[in-house]
Amino acid sequence: MDGAGELIAFPFEDVPGEGEAIEVDSGILWLRLPLPMKLDHVNIYALDEGDSWTIVDTGFHSKRGEAIWEGLLDGALGSKPVGRVVLTHHHPDHVGMAGWLAERGAEIWATRTAWLMARMLTLDEQAKPTEESLAFYRAAGMAEKIYAERAGSRPFNFSDAVYPIPLGFKRLKQHDRLEMGGRHWTVHIGNGHAPAHATFWSDDGIVLAGDQILPGISPNLGVYPTEPEADPVGEWLESCERLLTLAEPRHLVLPGHKLPFRGLVLRLQQLIDNHHSALERLEAFLSEPRTAAGCFSVLFKREIGSGEYGLALVEAFAHLNHLHQAGRIHRWRGENDAWNWQAL
């Protein structure tokens, strides 16, 4: 794990264009699919099995997504079938096309929690926000204008971006050993960004990291109405500390967003240090009571626009939950049922 003197390096100058692939190592292709948001892409990896492909993550489902995948299958993937889809975690940009590929003969491999979350959320379509969601927004101190807009609008549903998830899957769990693309990989499970997030570590020094370890940005760590007392920050820090014991300078990391990189030891330490620093800033900021929505400036150090507001709100709530459950701050209900948080 000695990363003394290690730098973060990006060995690939170019990124794959739409419908294209770049070979990042023998038998591993890097693909990119577009996303309709500020983080405008998700990385997909195709591992060559000889007569078929193993695909790691899939992108959003949409008519455009189907057309891109049809082009990839006929073009960059050489008309070979996809025999297996391996999912790192349950978020729509990673599982969206899994069911579509499964209909064409692929087997889905995932952690049990990732499969259950993806299937449950895809089946749970809501025409209007639930009372639990609205109560959570009030507890977070959501801005009144945004609250009114959300209360009167159809919410985003997983089914908007995820093709129906089939009933059967192959379970992945901690320390599993599997073969993909002619390499042997060990599964290590992370948490925080998503529960039971699978990462894959090859014997020859490649890490398929999903969103557990990203370069340049920190994975979103959010609390949601489904589990408002969750502590994803604590779970994620524990995961980073544990994965740090596995990290070596030789590792080539293939992340779910941004660029493949080397410098895993340094990057994990940066991520750990950055979140401890954010927690310290937040605790100091809470010398006076604040709502979650009132903590954006100290956590993110920039203006939060409407497109980023939801992710910022759930991440602020997550950091407050962590401090609260660590006994460093306390809370009470205030105006409009919002939690007020203050340092002890």
# chains A, B, ... in the order shown; residues from 1 in each chain; ligands from 1
call {"tool": "closest_atom_pairs", "arguments": {"of": "region 178-268 of chain A", "to": "region 91-108 of chain A", "cutoff": "9 Å", "atoms": "only C-alpha atoms", "output": "Markdown table"}}
result
| residue | atom | partner | partner_atom | distance |
| --- | --- | --- | --- | --- |
| A:Ala194 | CA | A:His91 | CA | 7.7 |
| A:Gly210 | CA | A:His94 | CA | 8.6 |
| A:Gly256 | CA | A:His94 | CA | 8.3 |
call {"tool": "select_by_dssp", "arguments": {"residues": "region 19-187 of chain A", "states": "strand (DSSP E)", "output": "ChimeraX atom specification"}}
result
/A:22-25,28-34,41-48,53-56,82-86,107-111,170-172,177-180,183-187
call {"tool": "write_last_selection", "arguments": {"atoms": "N, CA and C atoms", "output": "compact mmCIF listing (two decimals), in the first residue's frame"}}
result
# COMPACT_ATOMS: atom_id res chain seq x y z
N ILE A 22 -12.32 2.21 -26.91
CA ILE A 22 -10.87 2.30 -26.76
C ILE A 22 -10.42 1.11 -25.92
N GLU A 23 -9.40 0.41 -26.39
CA GLU A 23 -8.86 -0.72 -25.62
C GLU A 23 -7.95 -0.16 -24.52
N VAL A 24 -8.30 -0.42 -23.26
CA VAL A 24 -7.52 0.10 -22.14
C VAL A 24 -6.50 -0.91 -21.64
N ASP A 25 -6.72 -2.18 -21.95
CA ASP A 25 -5.77 -3.25 -21.68
C ASP A 25 -6.23 -4.43 -22.52
N ILE A 28 -10.00 -5.58 -22.84
CA ILE A 28 -10.93 -4.70 -22.12
C ILE A 28 -11.14 -3.44 -22.95
N LEU A 29 -12.39 -3.21 -23.36
CA LEU A 29 -12.76 -2.03 -24.11
C LEU A 29 -13.48 -1.04 -23.21
N TRP A 30 -13.17 0.24 -23.43
CA TRP A 30 -13.82 1.33 -22.71
C TRP A 30 -14.80 2.01 -23.65
N LEU A 31 -16.08 2.07 -23.24
CA LEU A 31 -17.13 2.72 -24.00
C LEU A 31 -17.70 3.84 -23.13
N ARG A 32 -18.35 4.81 -23.78
CA ARG A 32 -19.03 5.87 -23.04
C ARG A 32 -20.44 6.05 -23.58
N LEU A 33 -21.41 6.15 -22.67
CA LEU A 33 -22.77 6.44 -23.06
C LEU A 33 -23.19 7.79 -22.49
N PRO A 34 -23.99 8.55 -23.23
CA PRO A 34 -24.36 9.89 -22.78
C PRO A 34 -25.39 9.87 -21.65
N HIS A 41 -21.91 11.72 -18.96
CA HIS A 41 -21.52 10.41 -19.51
C HIS A 41 -21.44 9.39 -18.39
N VAL A 42 -21.49 8.13 -18.77
CA VAL A 42 -21.17 7.03 -17.87
C VAL A 42 -20.23 6.10 -18.62
N ASN A 43 -19.24 5.59 -17.94
CA ASN A 43 -18.29 4.66 -18.55
C ASN A 43 -18.83 3.24 -18.49
N ILE A 44 -18.68 2.54 -19.59
CA ILE A 44 -19.06 1.13 -19.71
C ILE A 44 -17.81 0.36 -20.12
N TYR A 45 -17.65 -0.83 -19.62
CA TYR A 45 -16.48 -1.64 -19.98
C TYR A 45 -16.94 -2.98 -20.55
N ALA A 46 -16.33 -3.37 -21.66
CA ALA A 46 -16.65 -4.63 -22.33
C ALA A 46 -15.43 -5.54 -22.23
N LEU A 47 -15.60 -6.72 -21.66
CA LEU A 47 -14.51 -7.67 -21.48
C LEU A 47 -14.72 -8.84 -22.44
N ASP A 48 -13.69 -9.13 -23.21
CA ASP A 48 -13.77 -10.11 -24.30
C ASP A 48 -13.71 -11.53 -23.75
N TRP A 53 -19.30 -11.21 -24.96
CA TRP A 53 -18.78 -10.13 -24.14
C TRP A 53 -19.39 -10.18 -22.75
N THR A 54 -18.59 -9.78 -21.76
CA THR A 54 -19.12 -9.40 -20.46
C THR A 54 -19.13 -7.88 -20.43
N ILE A 55 -20.29 -7.30 -20.11
CA ILE A 55 -20.43 -5.85 -20.04
C ILE A 55 -20.56 -5.44 -18.58
N VAL A 56 -19.76 -4.46 -18.17
CA VAL A 56 -19.84 -3.92 -16.81
C VAL A 56 -20.56 -2.57 -16.87
N VAL A 82 -23.71 -10.28 -26.12
CA VAL A 82 -23.40 -10.02 -24.72
C VAL A 82 -23.92 -11.21 -23.91
N GLY A 83 -23.00 -11.95 -23.30
CA GLY A 83 -23.40 -13.11 -22.53
C GLY A 83 -23.67 -12.82 -21.08
N ARG A 84 -23.12 -11.70 -20.59
CA ARG A 84 -23.24 -11.40 -19.15
C ARG A 84 -23.18 -9.89 -18.96
N VAL A 85 -24.07 -9.38 -18.12
CA VAL A 85 -24.03 -7.99 -17.67
C VAL A 85 -23.71 -8.00 -16.19
N VAL A 86 -22.61 -7.37 -15.82
CA VAL A 86 -22.18 -7.28 -14.43
C VAL A 86 -22.45 -5.85 -13.96
N GLU A 107 -26.99 -12.74 -19.08
CA GLU A 107 -27.28 -13.05 -17.69
C GLU A 107 -26.84 -11.88 -16.82
N ILE A 108 -27.65 -11.49 -15.85
CA ILE A 108 -27.32 -10.37 -14.98
C ILE A 108 -26.63 -10.88 -13.72
N TRP A 109 -25.46 -10.29 -13.42
CA TRP A 109 -24.72 -10.57 -12.20
C TRP A 109 -24.69 -9.29 -11.37
N ALA A 110 -25.02 -9.38 -10.08
CA ALA A 110 -25.07 -8.20 -9.23
C ALA A 110 -25.05 -8.64 -7.78
N THR A 111 -24.77 -7.71 -6.88
CA THR A 111 -24.99 -8.01 -5.47
C THR A 111 -26.50 -8.13 -5.24
N LYS A 170 -27.60 -13.58 -10.96
CA LYS A 170 -26.51 -14.31 -10.31
C LYS A 170 -25.92 -13.40 -9.25
N ARG A 171 -25.88 -13.87 -8.01
CA ARG A 171 -25.46 -13.03 -6.90
C ARG A 171 -23.93 -12.91 -6.81
N LEU A 172 -23.47 -11.68 -6.54
CA LEU A 172 -22.08 -11.38 -6.24
C LEU A 172 -21.99 -10.99 -4.77
N ARG A 177 -14.63 -14.89 -6.20
CA ARG A 177 -13.63 -14.94 -7.27
C ARG A 177 -14.37 -15.28 -8.56
N LEU A 178 -14.12 -14.51 -9.61
CA LEU A 178 -14.76 -14.80 -10.87
C LEU A 178 -13.80 -14.51 -12.01
N GLU A 179 -14.09 -15.10 -13.15
CA GLU A 179 -13.28 -14.89 -14.34
C GLU A 179 -14.06 -14.02 -15.31
N MET A 180 -13.41 -12.98 -15.78
CA MET A 180 -13.98 -12.09 -16.79
C MET A 180 -12.88 -11.69 -17.76
N ARG A 183 -9.25 -12.88 -17.24
CA ARG A 183 -8.58 -12.51 -16.00
C ARG A 183 -9.36 -13.03 -14.81
N HIS A 184 -8.68 -13.18 -13.69
CA HIS A 184 -9.33 -13.55 -12.45
C HIS A 184 -9.48 -12.30 -11.58
N TRP A 185 -10.68 -12.13 -11.03
CA TRP A 185 -11.03 -10.93 -10.28
C TRP A 185 -11.56 -11.33 -8.91
N THR A 186 -11.30 -10.46 -7.92
CA THR A 186 -11.87 -10.61 -6.59
C THR A 186 -12.85 -9.48 -6.35
N VAL A 187 -14.01 -9.81 -5.79
CA VAL A 187 -15.04 -8.82 -5.50
C VAL A 187 -14.78 -8.21 -4.12
call {"tool": "atom_distance", "arguments": {"atom1": "CA of Leu121 (chain A)", "atom2": "CA of Pro166 (chain A)"}}
result
13.0 Å
call {"tool": "closest_residue", "arguments": {"among": "A:Met142, A:Ile189, A:Val233, A:Leu246", "to": "Phe296 (chain A)", "atoms": "only C-alpha atoms"}}
result
A:Met142
call {"tool": "atom_distance", "arguments": {"atom1": "CA of Thr88 (chain A)", "atom2": "CA of Gly192 (chain A)"}}
result
13.1 Å
call {"tool": "atom_distance", "arguments": {"atom1": "CA of His275 (chain A)", "atom2": "CA of Leu39 (chain A)"}}
result
20.5 Å
call {"tool": "residues_around", "arguments": {"residues": "Val298 (chain A)", "least_positions_apart": "4", "cutoff": "10 Å", "atoms": "only C-alpha atoms", "output": "ChimeraX atom specification"}}
result
/A:278-279,281-285,294,302,316
call {"tool": "closest_residue", "arguments": {"among": "A:Ser306, A:Ser26, A:Ser239, A:Gln270", "to": "Pro215 (chain A)", "atoms": "only C-alpha atoms"}}
result
A:Gln270
call {"tool": "closest_residue", "arguments": {"among": "A:Ser202, A:Ser297, A:Asn220, A:Asn191", "to": "Glu315 (chain A)", "atoms": "only C-alpha atoms"}}
result
A:Asn220
call {"tool": "closest_atom_pairs", "arguments": {"of": "region 131-234 of chain A", "to": "region 58-69 of chain A", "cutoff": "7 Å", "atoms": "only C-alpha atoms", "output": "JSON lines"}}
result
{"residue": "A:Ala161", "atom": "CA", "partner": "A:His61", "partner_atom": "CA", "distance": 4.8}
{"residue": "A:Val162", "atom": "CA", "partner": "A:His61", "partner_atom": "CA", "distance": 5.1}
{"residue": "A:Tyr163", "atom": "CA", "partner": "A:His61", "partner_atom": "CA", "distance": 5.8}
call {"tool": "write_last_selection", "arguments": {"atoms": "C-alpha atoms", "output": "PDB file, in the first residue's frame"}}
result
ATOM      1  CA  ALA A 161     -34.646   5.457 -17.295  1.00  0.00           C
ATOM      2  CA  VAL A 162     -34.451   1.732 -16.452  1.00  0.00           C
ATOM      3  CA  TYR A 163     -35.709  -1.078 -18.673  1.00  0.00           C
TER       4      TYR A 163
END
call {"tool": "select_by_dssp", "arguments": {"residues": "region 103-215 of chain A", "states": "helix (DSSP H, G or I)", "output": "short mmCIF file (atom, residue, chain, number, x, y, z; two decimals) with all heavy atoms, in the first residue's frame"}}
result
data_model
loop_
_atom_site.label_atom_id
_atom_site.label_comp_id
_atom_site.auth_asym_id
_atom_site.auth_seq_id
_atom_site.Cartn_x
_atom_site.Cartn_y
_atom_site.Cartn_z
N GLU A 103 -32.89 -9.41 -22.24
CA GLU A 103 -33.86 -9.93 -23.22
C GLU A 103 -33.17 -10.50 -24.45
O GLU A 103 -33.74 -11.32 -25.17
CB GLU A 103 -34.83 -8.83 -23.64
CG GLU A 103 -35.97 -8.62 -22.68
CD GLU A 103 -37.06 -7.75 -23.26
OE1 GLU A 103 -36.90 -7.22 -24.39
OE2 GLU A 103 -38.09 -7.58 -22.59
N ARG A 112 -26.87 -8.87 -4.23
CA ARG A 112 -28.29 -9.06 -3.95
C ARG A 112 -28.98 -7.72 -3.70
O ARG A 112 -30.09 -7.45 -4.21
CB ARG A 112 -28.48 -9.98 -2.76
CG ARG A 112 -29.94 -10.21 -2.38
CD ARG A 112 -30.05 -11.08 -1.14
NE ARG A 112 -29.70 -12.47 -1.44
CZ ARG A 112 -29.35 -13.36 -0.51
NH1 ARG A 112 -29.25 -12.99 0.76
NH2 ARG A 112 -29.07 -14.60 -0.85
N THR A 113 -28.35 -6.85 -2.92
CA THR A 113 -28.96 -5.57 -2.60
C THR A 113 -29.11 -4.71 -3.84
O THR A 113 -30.14 -4.05 -4.03
CB THR A 113 -28.12 -4.84 -1.53
OG1 THR A 113 -28.07 -5.64 -0.35
CG2 THR A 113 -28.73 -3.49 -1.20
N ALA A 114 -28.10 -4.70 -4.71
CA ALA A 114 -28.19 -3.89 -5.93
C ALA A 114 -29.33 -4.38 -6.81
O ALA A 114 -30.11 -3.57 -7.35
CB ALA A 114 -26.87 -3.94 -6.70
N TRP A 115 -29.45 -5.70 -6.97
CA TRP A 115 -30.53 -6.24 -7.80
C TRP A 115 -31.90 -5.93 -7.18
O TRP A 115 -32.83 -5.50 -7.87
CB TRP A 115 -30.36 -7.75 -7.99
CG TRP A 115 -31.46 -8.34 -8.82
CD1 TRP A 115 -31.54 -8.37 -10.19
CD2 TRP A 115 -32.64 -8.98 -8.32
NE1 TRP A 115 -32.72 -8.99 -10.57
CE2 TRP A 115 -33.41 -9.38 -9.45
CE3 TRP A 115 -33.13 -9.27 -7.05
CZ2 TRP A 115 -34.63 -10.03 -9.32
CZ3 TRP A 115 -34.35 -9.92 -6.93
CH2 TRP A 115 -35.08 -10.29 -8.06
N LEU A 116 -32.04 -6.14 -5.87
CA LEU A 116 -33.31 -5.88 -5.21
C LEU A 116 -33.69 -4.41 -5.30
O LEU A 116 -34.86 -4.07 -5.57
CB LEU A 116 -33.23 -6.30 -3.74
CG LEU A 116 -33.27 -7.80 -3.44
CD1 LEU A 116 -32.92 -8.05 -1.98
CD2 LEU A 116 -34.64 -8.38 -3.77
N MET A 117 -32.73 -3.51 -5.07
CA MET A 117 -33.03 -2.08 -5.14
C MET A 117 -33.45 -1.69 -6.56
O MET A 117 -34.43 -0.96 -6.74
CB MET A 117 -31.79 -1.28 -4.71
CG MET A 117 -31.46 -1.38 -3.25
SD MET A 117 -32.57 -0.44 -2.17
CE MET A 117 -32.10 1.24 -2.55
N ALA A 118 -32.71 -2.16 -7.56
CA ALA A 118 -33.03 -1.80 -8.94
C ALA A 118 -34.41 -2.31 -9.33
O ALA A 118 -35.22 -1.59 -9.92
CB ALA A 118 -31.96 -2.35 -9.89
N ARG A 119 -34.69 -3.56 -9.00
CA ARG A 119 -35.99 -4.14 -9.37
C ARG A 119 -37.13 -3.48 -8.60
O ARG A 119 -38.16 -3.13 -9.17
CB ARG A 119 -35.98 -5.65 -9.13
CG ARG A 119 -37.25 -6.34 -9.60
CD ARG A 119 -37.11 -7.85 -9.63
NE ARG A 119 -38.41 -8.49 -9.75
CZ ARG A 119 -39.09 -8.69 -10.87
NH1 ARG A 119 -38.58 -8.25 -12.02
NH2 ARG A 119 -40.26 -9.29 -10.86
N MET A 120 -36.96 -3.28 -7.30
CA MET A 120 -38.00 -2.67 -6.49
C MET A 120 -38.31 -1.25 -6.97
O MET A 120 -39.48 -0.88 -7.17
CB MET A 120 -37.58 -2.66 -5.02
CG MET A 120 -38.57 -2.00 -4.07
SD MET A 120 -38.33 -0.21 -3.83
CE MET A 120 -36.81 -0.19 -2.92
N LEU A 121 -37.28 -0.44 -7.18
CA LEU A 121 -37.50 0.95 -7.56
C LEU A 121 -38.07 1.07 -8.97
O LEU A 121 -38.85 1.99 -9.26
CB LEU A 121 -36.19 1.74 -7.43
CG LEU A 121 -35.73 1.97 -5.98
CD1 LEU A 121 -34.30 2.50 -5.95
CD2 LEU A 121 -36.67 2.92 -5.25
N THR A 122 -37.71 0.15 -9.85
CA THR A 122 -38.26 0.19 -11.20
C THR A 122 -39.74 -0.16 -11.19
O THR A 122 -40.53 0.39 -11.96
CB THR A 122 -37.49 -0.77 -12.12
OG1 THR A 122 -36.09 -0.44 -12.07
CG2 THR A 122 -37.94 -0.64 -13.56
N LEU A 123 -40.14 -1.06 -10.31
CA LEU A 123 -41.55 -1.45 -10.23
C LEU A 123 -42.39 -0.43 -9.46
O LEU A 123 -43.62 -0.38 -9.62
CB LEU A 123 -41.67 -2.81 -9.54
CG LEU A 123 -41.09 -4.01 -10.30
CD1 LEU A 123 -41.07 -5.24 -9.41
CD2 LEU A 123 -41.88 -4.27 -11.57
N GLU A 131 -46.13 11.03 0.47
CA GLU A 131 -46.08 11.86 1.67
C GLU A 131 -44.73 11.71 2.37
O GLU A 131 -44.21 12.67 2.96
CB GLU A 131 -47.21 11.49 2.62
CG GLU A 131 -47.23 12.31 3.91
CD GLU A 131 -47.15 13.82 3.67
OE1 GLU A 131 -47.83 14.33 2.76
OE2 GLU A 131 -46.38 14.49 4.40
N GLU A 132 -44.13 10.51 2.30
CA GLU A 132 -42.80 10.32 2.90
C GLU A 132 -41.76 11.22 2.23
O GLU A 132 -40.89 11.79 2.90
CB GLU A 132 -42.38 8.86 2.79
CG GLU A 132 -43.18 7.90 3.65
CD GLU A 132 -44.44 7.39 2.97
OE1 GLU A 132 -44.77 7.89 1.86
OE2 GLU A 132 -45.08 6.48 3.53
N SER A 133 -41.85 11.34 0.91
CA SER A 133 -40.92 12.21 0.18
C SER A 133 -41.12 13.67 0.57
O SER A 133 -40.15 14.41 0.83
CB SER A 133 -41.10 12.04 -1.32
OG SER A 133 -40.74 10.74 -1.73
N LEU A 134 -42.36 14.11 0.62
CA LEU A 134 -42.63 15.50 0.97
C LEU A 134 -42.19 15.80 2.41
O LEU A 134 -41.64 16.87 2.70
CB LEU A 134 -44.12 15.80 0.80
CG LEU A 134 -44.63 15.74 -0.65
CD1 LEU A 134 -46.14 15.93 -0.68
CD2 LEU A 134 -43.93 16.75 -1.54
N ALA A 135 -42.41 14.85 3.32
CA ALA A 135 -41.97 15.04 4.71
C ALA A 135 -40.45 15.15 4.79
O ALA A 135 -39.91 15.95 5.56
CB ALA A 135 -42.47 13.88 5.58
N PHE A 136 -39.77 14.35 3.96
CA PHE A 136 -38.31 14.41 3.93
C PHE A 136 -37.85 15.77 3.42
O PHE A 136 -36.91 16.37 3.98
CB PHE A 136 -37.76 13.29 3.06
CG PHE A 136 -36.27 13.32 2.91
CD1 PHE A 136 -35.45 12.85 3.91
CD2 PHE A 136 -35.68 13.84 1.76
CE1 PHE A 136 -34.06 12.88 3.78
CE2 PHE A 136 -34.30 13.88 1.62
CZ PHE A 136 -33.49 13.40 2.64
N TYR A 137 -38.47 16.28 2.36
CA TYR A 137 -38.09 17.58 1.83
C TYR A 137 -38.29 18.68 2.88
O TYR A 137 -37.45 19.58 3.02
CB TYR A 137 -38.91 17.92 0.59
CG TYR A 137 -38.73 16.98 -0.58
CD1 TYR A 137 -39.77 16.80 -1.50
CD2 TYR A 137 -37.55 16.27 -0.78
CE1 TYR A 137 -39.62 15.94 -2.58
CE2 TYR A 137 -37.41 15.40 -1.84
CZ TYR A 137 -38.45 15.24 -2.75
OH TYR A 137 -38.31 14.39 -3.81
N ARG A 138 -39.40 18.60 3.61
CA ARG A 138 -39.63 19.59 4.66
C ARG A 138 -38.57 19.47 5.76
O ARG A 138 -38.06 20.47 6.27
CB ARG A 138 -41.03 19.43 5.25
CG ARG A 138 -42.16 19.75 4.28
CD ARG A 138 -43.51 19.85 4.99
NE ARG A 138 -43.91 18.60 5.62
CZ ARG A 138 -44.62 17.66 5.03
NH1 ARG A 138 -44.99 17.78 3.76
NH2 ARG A 138 -44.99 16.56 5.70
N ALA A 139 -38.25 18.23 6.14
CA ALA A 139 -37.24 18.02 7.19
C ALA A 139 -35.88 18.58 6.78
O ALA A 139 -35.11 19.01 7.62
CB ALA A 139 -37.13 16.53 7.50
N GLU A 144 -38.79 26.93 -0.46
CA GLU A 144 -40.24 26.87 -0.65
C GLU A 144 -40.63 26.76 -2.11
O GLU A 144 -41.54 26.00 -2.47
CB GLU A 144 -40.89 28.11 -0.02
CG GLU A 144 -40.84 28.11 1.50
CD GLU A 144 -41.57 29.30 2.10
OE1 GLU A 144 -42.28 30.00 1.32
OE2 GLU A 144 -41.45 29.53 3.31
N LYS A 145 -39.97 27.50 -2.99
CA LYS A 145 -40.31 27.47 -4.42
C LYS A 145 -40.06 26.08 -4.99
O LYS A 145 -40.88 25.54 -5.74
CB LYS A 145 -39.51 28.52 -5.17
CG LYS A 145 -39.82 28.55 -6.66
CD LYS A 145 -38.99 29.61 -7.38
CE LYS A 145 -39.28 29.60 -8.88
NZ LYS A 145 -38.46 30.61 -9.60
N ILE A 146 -38.92 25.49 -4.65
CA ILE A 146 -38.59 24.16 -5.16
C ILE A 146 -39.53 23.12 -4.58
O ILE A 146 -39.99 22.21 -5.27
CB ILE A 146 -37.11 23.82 -4.86
CG1 ILE A 146 -36.20 24.80 -5.60
CG2 ILE A 146 -36.79 22.38 -5.25
CD1 ILE A 146 -34.73 24.64 -5.30
N TYR A 147 -39.87 23.27 -3.28
CA TYR A 147 -40.82 22.34 -2.65
C TYR A 147 -42.16 22.39 -3.37
O TYR A 147 -42.77 21.34 -3.66
CB TYR A 147 -40.98 22.69 -1.17
CG TYR A 147 -41.97 21.79 -0.45
CD1 TYR A 147 -41.57 20.58 0.09
CD2 TYR A 147 -43.31 22.16 -0.33
CE1 TYR A 147 -42.46 19.75 0.75
CE2 TYR A 147 -44.22 21.33 0.32
CZ TYR A 147 -43.79 20.12 0.85
OH TYR A 147 -44.69 19.31 1.48
N ALA A 148 -42.64 23.58 -3.66
CA ALA A 148 -43.94 23.72 -4.33
C ALA A 148 -43.91 23.08 -5.71
O ALA A 148 -44.87 22.41 -6.13
CB ALA A 148 -44.32 25.19 -4.43
N GLU A 149 -42.80 23.27 -6.43
CA GLU A 149 -42.68 22.66 -7.76
C GLU A 149 -42.69 21.15 -7.67
O GLU A 149 -43.36 20.47 -8.45
CB GLU A 149 -41.38 23.15 -8.43
CG GLU A 149 -41.41 24.62 -8.82
CD GLU A 149 -40.06 25.11 -9.32
OE1 GLU A 149 -39.07 24.32 -9.21
OE2 GLU A 149 -39.97 26.25 -9.78
N ARG A 150 -41.95 20.61 -6.71
CA ARG A 150 -41.88 19.15 -6.58
C ARG A 150 -43.20 18.57 -6.09
O ARG A 150 -43.62 17.50 -6.53
CB ARG A 150 -40.74 18.77 -5.63
CG ARG A 150 -39.38 19.10 -6.20
CD ARG A 150 -38.30 18.27 -5.58
NE ARG A 150 -37.00 18.52 -6.21
CZ ARG A 150 -35.95 17.75 -6.07
NH1 ARG A 150 -36.03 16.65 -5.30
NH2 ARG A 150 -34.81 18.02 -6.68
N ALA A 151 -43.86 19.27 -5.17
CA ALA A 151 -45.12 18.76 -4.64
C ALA A 151 -46.19 18.68 -5.73
O ALA A 151 -47.08 17.82 -5.66
CB ALA A 151 -45.59 19.65 -3.50
N PHE A 158 -37.62 5.49 -11.45
CA PHE A 158 -36.59 4.64 -12.04
C PHE A 158 -37.04 4.11 -13.40
O PHE A 158 -36.24 3.97 -14.32
CB PHE A 158 -36.26 3.47 -11.10
CG PHE A 158 -35.02 3.68 -10.27
CD1 PHE A 158 -34.88 4.81 -9.50
CD2 PHE A 158 -34.01 2.74 -10.28
CE1 PHE A 158 -33.75 5.01 -8.74
CE2 PHE A 158 -32.85 2.92 -9.51
CZ PHE A 158 -32.73 4.06 -8.74
N SER A 159 -38.33 3.82 -13.51
CA SER A 159 -38.83 3.26 -14.77
C SER A 159 -38.71 4.25 -15.93
O SER A 159 -38.81 3.84 -17.09
CB SER A 159 -40.28 2.82 -14.61
OG SER A 159 -41.10 3.90 -14.18
N ASP A 160 -38.48 5.53 -15.64
CA ASP A 160 -38.26 6.49 -16.71
C ASP A 160 -36.94 6.24 -17.43
O ASP A 160 -36.77 6.64 -18.58
CB ASP A 160 -38.22 7.92 -16.14
CG ASP A 160 -39.53 8.34 -15.51
OD1 ASP A 160 -40.57 7.74 -15.83
OD2 ASP A 160 -39.50 9.27 -14.68
#
call {"tool": "closest_residue", "arguments": {"among": "A:Phe10, A:Phe300, A:Trp332, A:Trp201", "to": "Glu248 (chain A)", "atoms": "only C-alpha atoms"}}
result
A:Trp201
call {"tool": "residues_around", "arguments": {"residues": "Ile272 (chain A)", "least_positions_apart": "5", "cutoff": "10 Å", "atoms": "only C-alpha atoms", "output": "ChimeraX atom specification"}}
result
/A:218,236-241,244,266-267,277
